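Asker: The file below is data02.cif, mmCIF, C-alpha atoms:
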```
data_entry
#
loop_
_atom_site.label_atom_id
_atom_site.label_comp_id
_atom_site.auth_asym_id
_atom_site.auth_seq_id
_atom_site.Cartn_x
_atom_site.Cartn_y
_atom_site.Cartn_z
CA MET A 87 170.14 149.02 282.64
CA PRO A 88 167.10 150.45 284.39
CA ASP A 89 163.62 149.81 283.05
CA ALA A 90 162.51 151.93 280.16
CA ASP A 91 159.49 154.18 280.39
CA TYR A 92 157.07 151.94 278.60
CA ARG A 93 154.45 154.62 277.97
CA LEU A 94 156.98 156.52 275.88
CA TYR A 95 157.69 153.47 273.76
CA LEU A 96 154.01 152.69 273.34
CA MET A 97 153.27 156.17 272.05
CA ALA A 98 156.30 156.03 269.77
CA SER A 99 155.07 152.75 268.31
CA ALA A 100 151.70 154.35 267.55
CA ALA A 101 153.51 157.27 265.91
CA ILE A 102 155.69 155.02 263.74
CA PHE A 103 152.69 152.97 262.67
CA THR A 104 150.73 156.08 261.78
CA ILE A 105 153.63 157.53 259.77
CA GLY A 106 153.82 154.33 257.74
CA PHE A 107 150.06 154.23 257.34
CA TYR A 108 149.82 157.82 256.13
CA SER A 109 152.69 157.41 253.69
CA MET A 110 151.29 154.19 252.32
CA LEU A 111 148.05 155.93 251.47
CA THR A 112 149.47 159.14 250.06
CA GLN A 113 152.67 158.19 248.26
CA ALA A 114 152.39 157.25 244.61
CA HIS A 115 155.73 155.56 244.01
CA LEU A 116 155.67 151.80 244.43
CA LEU A 117 159.02 151.61 246.18
CA ARG A 118 157.96 154.17 248.76
CA ARG A 119 154.82 152.21 249.42
CA ILE A 120 156.86 149.09 250.09
CA MET A 121 159.08 151.06 252.48
CA ALA A 122 155.98 152.44 254.21
CA PHE A 123 154.71 148.90 254.68
CA ASN A 124 158.00 148.00 256.35
CA VAL A 125 157.80 151.04 258.63
CA MET A 126 154.29 150.03 259.68
CA GLY A 127 155.59 146.58 260.50
CA CYS A 128 158.36 148.10 262.61
CA GLY A 129 155.78 150.06 264.60
CA VAL A 130 153.84 146.90 265.34
CA PHE A 131 157.02 145.10 266.42
CA LEU A 132 157.87 147.95 268.78
CA LEU A 133 154.44 147.59 270.36
CA PHE A 134 154.90 143.84 270.83
CA ILE A 135 158.38 144.09 272.33
CA THR A 136 157.29 146.84 274.70
CA LEU A 137 154.38 144.75 275.91
CA ALA A 138 156.74 141.81 276.37
CA ALA A 139 159.20 143.89 278.40
CA ARG A 140 156.52 144.83 280.91
CA ALA A 141 156.10 141.26 282.13
CA PRO A 142 157.11 140.81 285.76
CA GLY A 143 160.05 138.60 286.51
CA PRO A 144 163.71 138.37 285.55
CA VAL A 145 163.23 137.73 281.84
CA PRO A 146 160.88 139.41 279.42
CA ASP A 147 158.02 137.40 277.99
CA PRO A 148 159.55 135.22 275.24
CA VAL A 149 156.36 134.57 273.27
CA PRO A 150 156.05 138.07 271.74
CA HIS A 151 159.77 137.94 270.97
CA ALA A 152 159.25 134.76 268.96
CA MET A 153 156.26 136.32 267.21
CA VAL A 154 158.28 139.38 266.27
CA LEU A 155 161.14 137.21 264.99
CA THR A 156 158.70 135.35 262.77
CA GLY A 157 157.17 138.67 261.76
CA ILE A 158 160.51 140.15 260.73
CA VAL A 159 161.33 137.18 258.48
CA VAL A 160 157.86 137.13 256.94
CA SER A 161 158.01 140.87 256.39
CA VAL A 162 161.29 140.65 254.50
CA CYS A 163 159.83 137.83 252.38
CA ALA A 164 156.82 139.99 251.59
CA THR A 165 159.14 142.88 250.71
CA GLY A 166 161.15 140.68 248.35
CA LEU A 167 158.02 139.42 246.63
CA ALA A 168 156.54 142.93 246.45
CA LEU A 169 159.76 144.25 244.88
CA ALA A 170 159.65 141.49 242.26
CA LEU A 171 156.03 142.41 241.55
CA ALA A 172 156.91 146.09 241.27
CA GLY A 173 159.67 145.21 238.79
CA ARG A 174 157.18 143.26 236.75
CA VAL A 175 154.73 146.19 236.80
CA GLN A 176 157.48 148.40 235.50
CA THR A 177 158.43 145.92 232.78
CA VAL A 178 154.88 145.54 231.55
CA THR A 179 153.56 149.10 231.89
CA GLY A 180 156.78 151.11 231.98
CA LYS A 181 155.66 153.06 235.03
CA THR A 182 156.78 152.97 238.62
CA GLU A 183 154.13 155.17 240.12
CA LEU A 184 150.45 154.71 240.55
CA GLU A 185 148.46 157.65 239.24
CA PRO A 186 145.58 158.77 241.46
CA GLY A 187 142.49 156.76 240.64
CA GLU A 188 144.41 153.99 238.93
CA ASP A 189 145.36 150.47 239.91
CA ALA A 190 148.60 148.70 239.12
CA GLY A 191 147.13 147.08 236.01
CA GLY A 192 147.40 150.34 234.15
CA ARG A 193 143.67 150.87 233.90
CA SER A 194 142.24 154.16 235.06
CA GLY A 195 138.87 155.79 235.20
CA ALA A 196 139.99 158.65 232.97
CA ALA A 197 141.75 158.40 229.62
CA HIS A 198 144.69 156.05 229.52
CA HIS A 199 148.01 157.82 230.13
CA GLY A 200 150.50 157.03 227.39
CA SER A 201 153.36 154.86 228.56
CA SER A 202 156.72 154.15 226.99
CA ALA A 203 156.43 150.35 226.96
CA MET B 227 168.07 160.58 284.15
CA ILE B 228 170.66 159.64 281.55
CA TRP B 229 168.60 156.65 280.43
CA ARG B 230 165.46 158.73 280.26
CA SER B 231 167.09 161.25 277.94
CA PHE B 232 168.63 158.39 275.95
CA ASP B 233 165.15 156.96 275.43
CA TRP B 234 163.81 160.31 274.31
CA PHE B 235 166.69 160.86 271.92
CA LEU B 236 166.43 157.36 270.47
CA LEU B 237 162.69 157.51 269.90
CA LEU B 238 162.80 161.00 268.43
CA ALA B 239 165.53 159.86 266.06
CA ILE B 240 163.53 156.77 265.06
CA VAL B 241 160.34 158.70 264.41
CA GLY B 242 162.20 161.48 262.62
CA LEU B 243 164.12 159.06 260.40
CA GLY B 244 160.94 157.17 259.63
CA TRP B 245 159.22 160.34 258.52
CA ARG B 246 162.21 161.59 256.49
CA SER B 247 162.80 158.28 254.78
CA LEU B 248 159.26 158.17 253.47
CA ASN B 249 159.12 161.79 252.36
CA ASP B 250 162.54 162.37 250.87
CA ARG B 251 162.69 163.46 247.25
CA ASP B 252 165.66 161.32 246.32
CA LEU B 253 164.91 157.61 246.52
CA PHE B 254 168.50 156.60 247.17
CA ARG B 255 168.68 158.85 250.22
CA ALA B 256 165.32 157.52 251.36
CA VAL B 257 166.57 153.93 251.29
CA ILE B 258 169.72 154.85 253.21
CA GLN B 259 167.60 156.59 255.82
CA PHE B 260 165.43 153.49 256.00
CA ILE B 261 168.52 151.38 256.74
CA ALA B 262 169.50 153.79 259.51
CA PHE B 263 165.92 153.61 260.82
CA GLY B 264 166.20 149.84 261.05
CA LEU B 265 169.52 150.03 262.88
CA LEU B 266 168.14 152.46 265.45
CA ALA B 267 165.18 150.12 265.88
CA ALA B 268 167.70 147.38 266.68
CA VAL B 269 169.15 149.64 269.40
CA ALA B 270 165.62 150.10 270.75
CA TRP B 271 165.18 146.33 270.93
CA VAL B 272 168.36 146.03 272.97
CA ARG B 273 167.06 148.77 275.27
CA LEU B 274 163.87 146.75 275.71
CA ARG B 275 165.88 143.62 276.66
CA ALA B 276 165.23 141.75 273.40
CA PRO B 277 168.67 140.81 272.03
CA ASP B 278 167.44 138.04 269.72
CA VAL B 279 165.10 140.41 267.99
CA ALA B 280 167.85 143.03 267.81
CA LEU B 281 170.15 140.58 266.00
CA ALA B 282 167.44 139.62 263.54
CA GLU B 283 166.34 143.22 262.95
CA ALA B 284 169.87 144.51 262.34
CA ALA B 285 170.74 141.68 259.95
CA VAL B 286 167.46 141.04 258.17
CA GLY B 287 165.05 143.86 258.87
CA SER B 288 167.52 146.64 258.20
CA GLY B 289 170.47 145.22 256.29
CA LEU B 290 168.88 142.73 253.97
CA THR B 291 165.72 144.76 253.33
CA GLY B 292 167.94 147.74 252.55
CA ALA B 293 169.99 145.63 250.14
CA LEU B 294 166.80 144.38 248.46
CA LEU B 295 165.51 147.94 248.12
CA LEU B 296 168.80 149.21 246.69
CA SER B 297 168.97 146.37 244.19
CA ALA B 298 165.37 147.00 243.12
CA LEU B 299 166.15 150.72 242.84
CA ALA B 300 169.12 150.00 240.58
CA ARG B 301 167.05 147.70 238.38
CA MET B 302 164.32 150.34 238.18
CA ARG B 303 166.75 153.08 237.14
CA ARG B 304 168.33 150.80 234.54
CA ARG B 305 164.95 150.01 233.01
CA GLU B 306 164.03 153.68 232.92
CA GLN B 307 167.26 154.50 231.15
CA GLN B 308 166.73 151.73 228.64
CA ALA B 309 163.32 153.15 227.83
CA VAL B 310 164.45 156.76 227.34
CA PRO B 311 167.55 156.74 225.05
CA PRO B 312 165.83 155.54 221.83
CA ARG B 313 163.86 158.80 221.73
CA THR B 314 166.90 161.03 222.37
CA GLU B 315 168.93 159.13 219.79
CA ALA B 316 166.20 159.58 217.22
CA SER B 317 166.10 163.33 217.88
CA GLU B 318 169.88 163.80 217.45
CA MET C 144 145.26 168.18 248.44
CA ILE C 145 141.98 167.90 250.28
CA GLY C 146 142.22 164.13 250.10
CA ARG C 147 145.67 164.29 251.62
CA GLY C 148 144.39 166.52 254.43
CA VAL C 149 141.53 164.16 255.19
CA ILE C 150 143.94 161.23 255.29
CA GLY C 151 146.24 163.24 257.54
CA ILE C 152 143.48 164.02 260.01
CA CYS C 153 142.32 160.41 260.01
CA SER C 154 145.91 159.31 260.62
CA LEU C 155 146.22 161.63 263.60
CA LEU C 156 142.98 160.27 265.00
CA LEU C 157 144.28 156.76 264.43
CA MET C 158 147.48 157.59 266.28
CA GLY C 159 145.49 158.96 269.19
CA ALA C 160 143.28 155.90 269.30
CA LEU C 161 146.25 153.52 269.13
CA SER C 162 148.12 155.36 271.89
CA TRP C 163 145.05 155.41 274.08
CA ALA C 164 144.41 151.72 273.50
CA ALA C 165 148.03 150.78 274.17
CA LEU C 166 148.28 152.93 277.29
CA SER C 167 145.08 151.59 278.75
CA LEU C 168 146.29 148.00 278.75
CA PRO C 169 146.96 146.58 282.24
CA ALA C 170 150.28 147.86 283.50
CA LYS C 171 151.71 144.60 284.80
CA PRO C 172 150.28 141.78 282.72
CA PRO C 173 151.18 138.30 283.88
CA GLY C 174 152.37 137.27 280.44
CA LEU C 175 153.66 133.85 279.53
CA ALA C 176 157.19 134.30 280.93
CA LYS C 177 156.59 132.17 283.99
CA ALA C 178 154.86 129.43 282.03
CA SER C 179 157.65 129.19 279.49
CA LEU C 180 160.38 129.21 282.13
CA ASP C 181 158.72 126.50 284.21
CA ARG C 182 159.05 123.79 281.59
CA LEU C 183 162.32 125.02 280.11
CA GLY C 184 164.24 122.04 281.49
CA GLU C 185 162.21 119.57 279.50
CA SER C 186 162.21 121.55 276.28
CA GLY C 187 165.69 120.56 275.17
CA VAL C 188 167.24 124.04 275.05
CA ALA C 189 168.21 126.51 277.73
CA HIS C 190 167.11 129.75 276.08
CA PRO C 191 163.43 130.66 276.42
CA VAL C 192 163.03 132.35 273.02
CA THR C 193 164.51 129.36 271.19
CA ALA C 194 162.29 127.06 273.21
CA VAL C 195 159.22 129.04 272.19
CA LEU C 196 160.29 129.14 268.56
CA LEU C 197 161.19 125.53 268.10
CA ASN C 198 159.34 123.64 270.79
CA TYR C 199 156.29 125.35 272.25
CA ARG C 200 155.34 127.07 269.00
CA GLY C 201 157.29 124.93 266.57
CA TYR C 202 154.31 124.73 264.24
CA ASP C 203 154.46 128.47 263.59
CA THR C 204 158.14 128.21 262.69
CA LEU C 205 157.37 125.36 260.30
CA LEU C 206 154.81 127.52 258.56
CA GLU C 207 157.21 130.43 258.49
CA VAL C 208 159.89 128.43 256.69
CA GLY C 209 157.16 127.44 254.26
CA VAL C 210 156.26 131.09 253.73
CA LEU C 211 159.89 131.81 252.92
CA LEU C 212 159.85 129.16 250.23
CA LEU C 213 156.53 130.44 248.89
CA ALA C 214 157.81 134.01 248.63
CA LEU C 215 160.84 132.86 246.71
CA ALA C 216 158.71 130.74 244.39
CA GLY C 217 156.51 133.76 243.82
CA ALA C 218 159.49 135.98 243.02
CA TRP C 219 160.91 133.34 240.67
CA SER C 220 157.64 132.96 238.82
CA LEU C 221 157.69 136.64 237.84
CA GLY C 222 160.64 136.40 235.51
CA ARG C 223 164.42 136.28 235.46
CA GLY C 224 166.42 138.44 237.80
CA GLU C 225 169.58 140.34 236.96
CA GLN C 226 173.05 139.74 238.21
CA PRO C 227 175.57 142.55 238.55
CA ALA C 228 177.68 142.26 235.41
CA GLU C 229 180.98 142.50 237.22
CA ASN C 230 184.25 140.94 236.37
CA PRO C 231 185.60 139.86 239.78
CA GLN C 232 189.07 141.15 238.98
CA SER C 233 187.86 144.68 238.27
CA ARG C 234 187.23 145.40 241.96
CA PRO C 235 190.32 144.44 243.95
CA LEU C 236 189.20 146.31 247.05
CA LEU C 237 185.92 144.43 247.19
CA LEU C 238 187.73 141.15 246.67
CA SER C 239 190.13 141.82 249.55
CA LEU C 240 187.23 142.76 251.77
CA LEU C 241 185.40 139.58 250.80
CA ARG C 242 188.44 137.47 251.56
CA VAL C 243 188.26 138.70 255.16
CA LEU C 244 184.50 139.00 255.58
CA LEU C 245 183.25 135.74 254.14
CA PRO C 246 185.07 133.33 256.48
CA MET C 247 184.10 135.51 259.43
CA LEU C 248 180.47 135.51 258.32
CA LEU C 249 180.46 131.73 258.03
CA LEU C 250 182.06 131.34 261.44
CA ALA C 251 179.66 133.81 263.02
CA ALA C 252 176.68 132.06 261.44
CA GLY C 253 177.79 128.71 262.78
CA HIS C 254 178.44 130.24 266.19
CA LEU C 255 175.00 131.83 266.33
CA LEU C 256 173.41 128.54 265.33
CA TRP C 257 175.15 126.66 268.11
CA ILE C 258 174.78 129.28 270.80
CA GLY C 259 171.06 129.62 270.08
CA ALA C 260 170.37 126.84 272.53
CA PHE C 261 171.90 128.75 275.46
CA ALA C 262 171.96 132.44 274.61
CA PRO C 263 170.43 134.86 272.10
CA GLY C 264 170.95 133.40 268.66
CA GLY C 265 169.48 130.58 266.68
CA ALA C 266 168.67 129.55 263.15
CA PHE C 267 167.22 132.85 261.95
CA GLN C 268 170.12 135.00 262.97
CA GLY C 269 172.60 132.51 261.51
CA GLY C 270 170.54 132.27 258.35
CA ALA C 271 170.49 136.05 258.08
CA LEU C 272 174.29 136.13 258.17
CA LEU C 273 174.45 133.42 255.52
CA GLY C 274 172.06 135.41 253.38
CA GLY C 275 174.29 138.44 253.76
CA ALA C 276 177.29 136.36 252.74
CA LEU C 277 175.46 135.20 249.61
CA VAL C 278 174.54 138.78 248.73
CA LEU C 279 178.20 139.78 249.07
CA LEU C 280 179.20 136.92 246.79
CA ILE C 281 176.66 138.00 244.19
CA LEU C 282 177.89 141.60 244.41
CA GLY C 283 181.48 140.52 243.91
CA GLY C 284 180.58 138.53 240.84
CA LEU C 285 181.86 135.32 242.46
CA ALA C 286 178.57 133.43 242.47
CA ARG C 287 178.03 133.00 238.73
CA ARG C 288 178.93 129.34 238.55
CA ALA C 289 177.00 128.51 241.72
CA LEU C 290 173.86 130.23 240.46
CA LYS C 291 173.90 128.17 237.28
CA ARG C 292 173.26 124.99 239.25
CA GLU C 293 169.61 125.57 239.71
CA ARG C 294 168.85 122.06 240.84
CA CYS C 295 171.23 122.41 243.79
CA LEU C 296 169.66 125.73 244.66
CA ARG C 297 166.18 124.28 244.62
CA ALA C 298 167.30 121.34 246.76
CA GLY C 299 168.86 123.68 249.31
CA LEU C 300 165.77 125.84 249.42
CA ALA C 301 163.47 122.90 249.97
CA LEU C 302 165.76 121.35 252.60
CA GLY C 303 164.42 123.42 255.50
CA VAL C 304 160.79 122.65 254.92
CA LEU C 305 161.49 118.99 254.12
CA VAL C 306 163.54 118.32 257.26
CA PHE C 307 161.14 120.22 259.47
CA ALA C 308 158.05 118.53 258.06
CA GLY C 309 159.79 115.16 258.11
CA ILE C 310 160.62 115.51 261.79
CA ALA C 311 157.07 116.68 262.45
CA ALA C 312 155.72 113.55 260.75
CA VAL C 313 158.13 111.32 262.67
CA THR C 314 157.19 112.85 266.01
CA MET C 315 153.54 112.48 265.15
CA ALA C 316 154.08 108.80 264.50
CA LEU C 317 156.20 108.31 267.62
CA THR C 318 154.38 110.31 270.27
CA GLY C 319 151.06 111.12 268.71
CA GLY C 320 151.45 114.92 268.86
CA LEU C 321 152.63 117.19 266.04
CA LEU C 322 156.19 118.28 266.87
CA GLN C 323 155.95 116.76 270.31
CA TYR C 324 159.52 115.61 270.80
CA PRO C 325 160.22 112.36 272.65
CA PRO C 326 161.60 113.15 276.12
CA GLY C 327 165.37 113.58 276.00
CA ALA C 328 165.59 113.85 272.21
CA GLY C 329 164.36 117.42 272.05
CA GLY C 330 167.76 119.07 272.01
CA ALA C 331 169.17 116.93 269.20
CA LEU C 332 166.06 117.22 267.04
CA ILE C 333 165.99 120.99 267.50
CA LEU C 334 169.61 121.23 266.41
CA VAL C 335 168.92 119.20 263.26
CA ILE C 336 165.89 121.32 262.41
CA GLU C 337 167.79 124.53 263.04
CA THR C 338 170.70 123.52 260.82
CA ALA C 339 168.47 122.67 257.87
CA ALA C 340 166.42 125.81 258.43
CA MET C 341 169.55 127.98 258.57
CA VAL C 342 170.76 126.72 255.18
CA SER C 343 167.33 127.25 253.66
CA ILE C 344 166.86 130.71 255.14
CA GLY C 345 170.30 131.85 254.05
CA LEU C 346 169.78 130.66 250.48
CA ALA C 347 166.30 132.16 250.23
CA LEU C 348 167.27 135.55 251.61
CA GLY C 349 170.33 135.75 249.37
CA LEU C 350 168.43 134.68 246.27
CA LEU C 351 165.74 137.30 246.87
CA TYR C 352 168.45 139.84 246.09
CA LEU C 353 168.40 138.86 242.42
CA GLY C 354 164.78 139.87 242.03
CA GLY C 355 163.77 136.81 240.07
CA GLN C 356 165.00 133.49 238.83
CA PRO C 357 168.80 133.30 238.40
CA PRO C 358 169.37 134.52 234.85
CA GLU C 359 171.70 131.76 233.70
CA GLY C 360 170.01 128.91 235.49
CA ALA C 361 167.93 126.07 234.15
CA ARG C 362 166.85 126.13 230.56
CA ARG C 363 163.22 126.06 231.55
CA SER C 364 161.87 129.26 233.03
CA LEU C 365 159.12 129.11 235.63
CA LEU C 366 157.27 131.78 233.69
CA ALA C 367 155.11 130.36 230.90
CA THR C 368 155.97 133.04 228.36
CA PRO C 369 159.26 134.92 228.48
CA PRO C 370 158.88 138.45 229.86
CA ASP C 371 159.08 141.27 227.35
CA HIS C 372 162.08 143.42 228.15
CA ALA C 373 161.26 147.07 227.52
#
```
Please lay out the structure from this file as structure tokens.

Answerer:
Amino acid sequence: MPDADYRLYLMASAAIFTIGFYSMLTQAHLLRRIMAFNVMGCGVFLLFITLAARAPGPVPDPVPHAMVLTGIVVSVCATGLALALAGRVQTVTGKTELEPGEDAGGRSGAAHHGSSA
Amino acid sequence: MIWRSFDWFLLLAIVGLGWRSLNDRDLFRAVIQFIAFGLLAAVAWVRLRAPDVALAEAAVGSGLTGALLLSALARMRRREQQAVPPRTEASE
Amino acid sequence: MIGRGVIGICSLLLMGALSWAALSLPAKPPGLAKASLDRLGESGVAHPVTAVLLNYRGYDTLLEVGVLLLALAGAWSLGRGEQPAENPQSRPLLLSLLRVLLPMLLLAAGHLLWIGAFAPGGAFQGGALLGGALVLLILGGLARRALKRERCLRAGLALGVLVFAGIAAVTMALTGGLLQYPPGAGGALILVIETAAMVSIGLALGLLYLGGQPPEGARRSLLATPPDHA
């Protein structure tokens, strides 16, 4: 397998990170935000692995690989915890989306939107 | 030449799936696209000579995260349905 | 809409800045490949990534197993999760599939654990397969009785951190350095740590699927007041 063009992968990692970043800021639904966080993480991992593959020698640099492995496990833990939190938000407030200008506690600057819970 | 076009195709598919999965109307489809995104990322790790990371990404990053998202989605839909019927029953 | 446009433009600028920063890094960095390969013979394993994970940077892996336990404790403290209310006999196709898949998953997990010392594999990949097996069991409705034994679950979850921290304490007493294995015992100690970590990781990842504490578990809930079901 010949060497990959690392510049292509580096730019793709920036693109993936930016897509996750933009979606995390603009999407209102909690589940989509959690998915956007995962996509951002994937972009960062792509950057790390690409930098590891550029090392000279027969094997790629194993230290970024270990960091990415740790990162993948931590990221799935964070996703699990975030999903439990989102379920709790839905149980308490009855909503799964964050309105603009509101935090997850249900308080907003404007009048309180009626909820079904 | 073949590998260069393979790289292009793979990365375009990854970026495209990432964008679609975060902007799809239907949440179920979005989660499925996210799982596919993770699997293509695993292929990218293999291409970058990182088989350990590819194993972990395919199993945990894509498969298990997808399962967690689907289970949370099902719980969310169930809670929404439990909240709505009392009003429709009262109106009938 | 204007806010979304501003965020979009800032995101494009961010992407440009990130690409520029990544592309302007030195093209052939020395990296740590040579350093990790030089001492590979003394590390106790033959695969560089496993050596980094469990020997050179073993402390990070210890903390990571701790983070796994913390995340699960956090998810459990938010209320009871829900199990699929399935009668196992109502899905014969799933049961037949499970009969084939579950032994293969267990075998593959054990294989990955063992081969992690020589080839790509290790505790995390094996633990991921075990977690998948547990999720399949929960989906098939076959894990009800096992999920009632919450004390066993808690013991299994804590096993990874306990064994890892115990070995860290022992090595500190023996050689004076945290997770500095005595020469020659590295391979055996790594295998013990990896086995305990694999069990813990598999249990934790599978139990995260429930989204909370197992619903029919211990009488005492971790949450102080029961959650109000809408």

Asker: Got a sec to resolve the PyMOL selection byres ((chain C) within 8 of (chain A)) on this structure and send the residues as a count of residues only?

Answerer: 44

Asker: In Å to one decimal, how far is CA of Gly289 (chain B) from CA of Leu273 (chain C)?

Answerer: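 Spanning CA of Leu273 (chain C) to CA of Gly289 (chain B) is a straight-line distance of 12.5 Å.
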
Asker: For this structure, which residues satisfy the selection - the PyMOL selection byres ((chain B) within 8 of (chain A)) - when it is evaluated on the file as given? I want them as a VMD selection string.

Answerer: chain B and resid 229 to 230 233 to 234 237 241 244 to 245 248 to 249 260 267 271 273 to 276 278 to 279 282 to 283 286 to 287 290 to 291 294 to 295 298 to 299 301 to 302 305 to 306 309

Asker: To verify the selection step, state as a PyMOL selection string which residues the PyMOL selection byres ((chain C and resi 311) around 10) yields on this input.

Answerer: chain C and resi 201-202+205+305-310+312-317+320-324+336

Asker: Given the selection you just returned, output its residues as a file containing C-alpha atoms, formatted as a PDB file, keeping the file's coordinate frame.

Answerer:
```pdb
ATOM      1  CA  GLY C 201     157.290 124.930 266.570  1.00  0.00           C
ATOM      2  CA  TYR C 202     154.310 124.730 264.240  1.00  0.00           C
ATOM      3  CA  LEU C 205     157.370 125.360 260.300  1.00  0.00           C
ATOM      4  CA  LEU C 305     161.490 118.990 254.120  1.00  0.00           C
ATOM      5  CA  VAL C 306     163.540 118.320 257.260  1.00  0.00           C
ATOM      6  CA  PHE C 307     161.140 120.220 259.470  1.00  0.00           C
ATOM      7  CA  ALA C 308     158.050 118.530 258.060  1.00  0.00           C
ATOM      8  CA  GLY C 309     159.790 115.160 258.110  1.00  0.00           C
ATOM      9  CA  ILE C 310     160.620 115.510 261.790  1.00  0.00           C
ATOM     10  CA  ALA C 312     155.720 113.550 260.750  1.00  0.00           C
ATOM     11  CA  VAL C 313     158.130 111.320 262.670  1.00  0.00           C
ATOM     12  CA  THR C 314     157.190 112.850 266.010  1.00  0.00           C
ATOM     13  CA  MET C 315     153.540 112.480 265.150  1.00  0.00           C
ATOM     14  CA  ALA C 316     154.080 108.800 264.500  1.00  0.00           C
ATOM     15  CA  LEU C 317     156.200 108.310 267.620  1.00  0.00           C
ATOM     16  CA  GLY C 320     151.450 114.920 268.860  1.00  0.00           C
ATOM     17  CA  LEU C 321     152.630 117.190 266.040  1.00  0.00           C
ATOM     18  CA  LEU C 322     156.190 118.280 266.870  1.00  0.00           C
ATOM     19  CA  GLN C 323     155.950 116.760 270.310  1.00  0.00           C
ATOM     20  CA  TYR C 324     159.520 115.610 270.800  1.00  0.00           C
ATOM     21  CA  ILE C 336     165.890 121.320 262.410  1.00  0.00           C
TER      22      ILE C 336
END
```

Asker: To test the calculation: enclose all listed atoms of region 221-233 of chain C in a box whose edges run along x, y and z, add 5 Å on each side, then state centre and edge lengths in Å to one decimal, as AutoDock Vina command-line options.

Answerer:
```
--center_x 173.4 --center_y 140.5 --center_z 237.6 --size_x 41.4 --size_y 18.4 --size_z 14.4
```

Asker: Here is a test: counting all atoms listed in the file, which residue of C:Gln226, C:Gln356, C:Ser233, C:Ser343 is nearest to chain B?

Answerer: C:Gln226
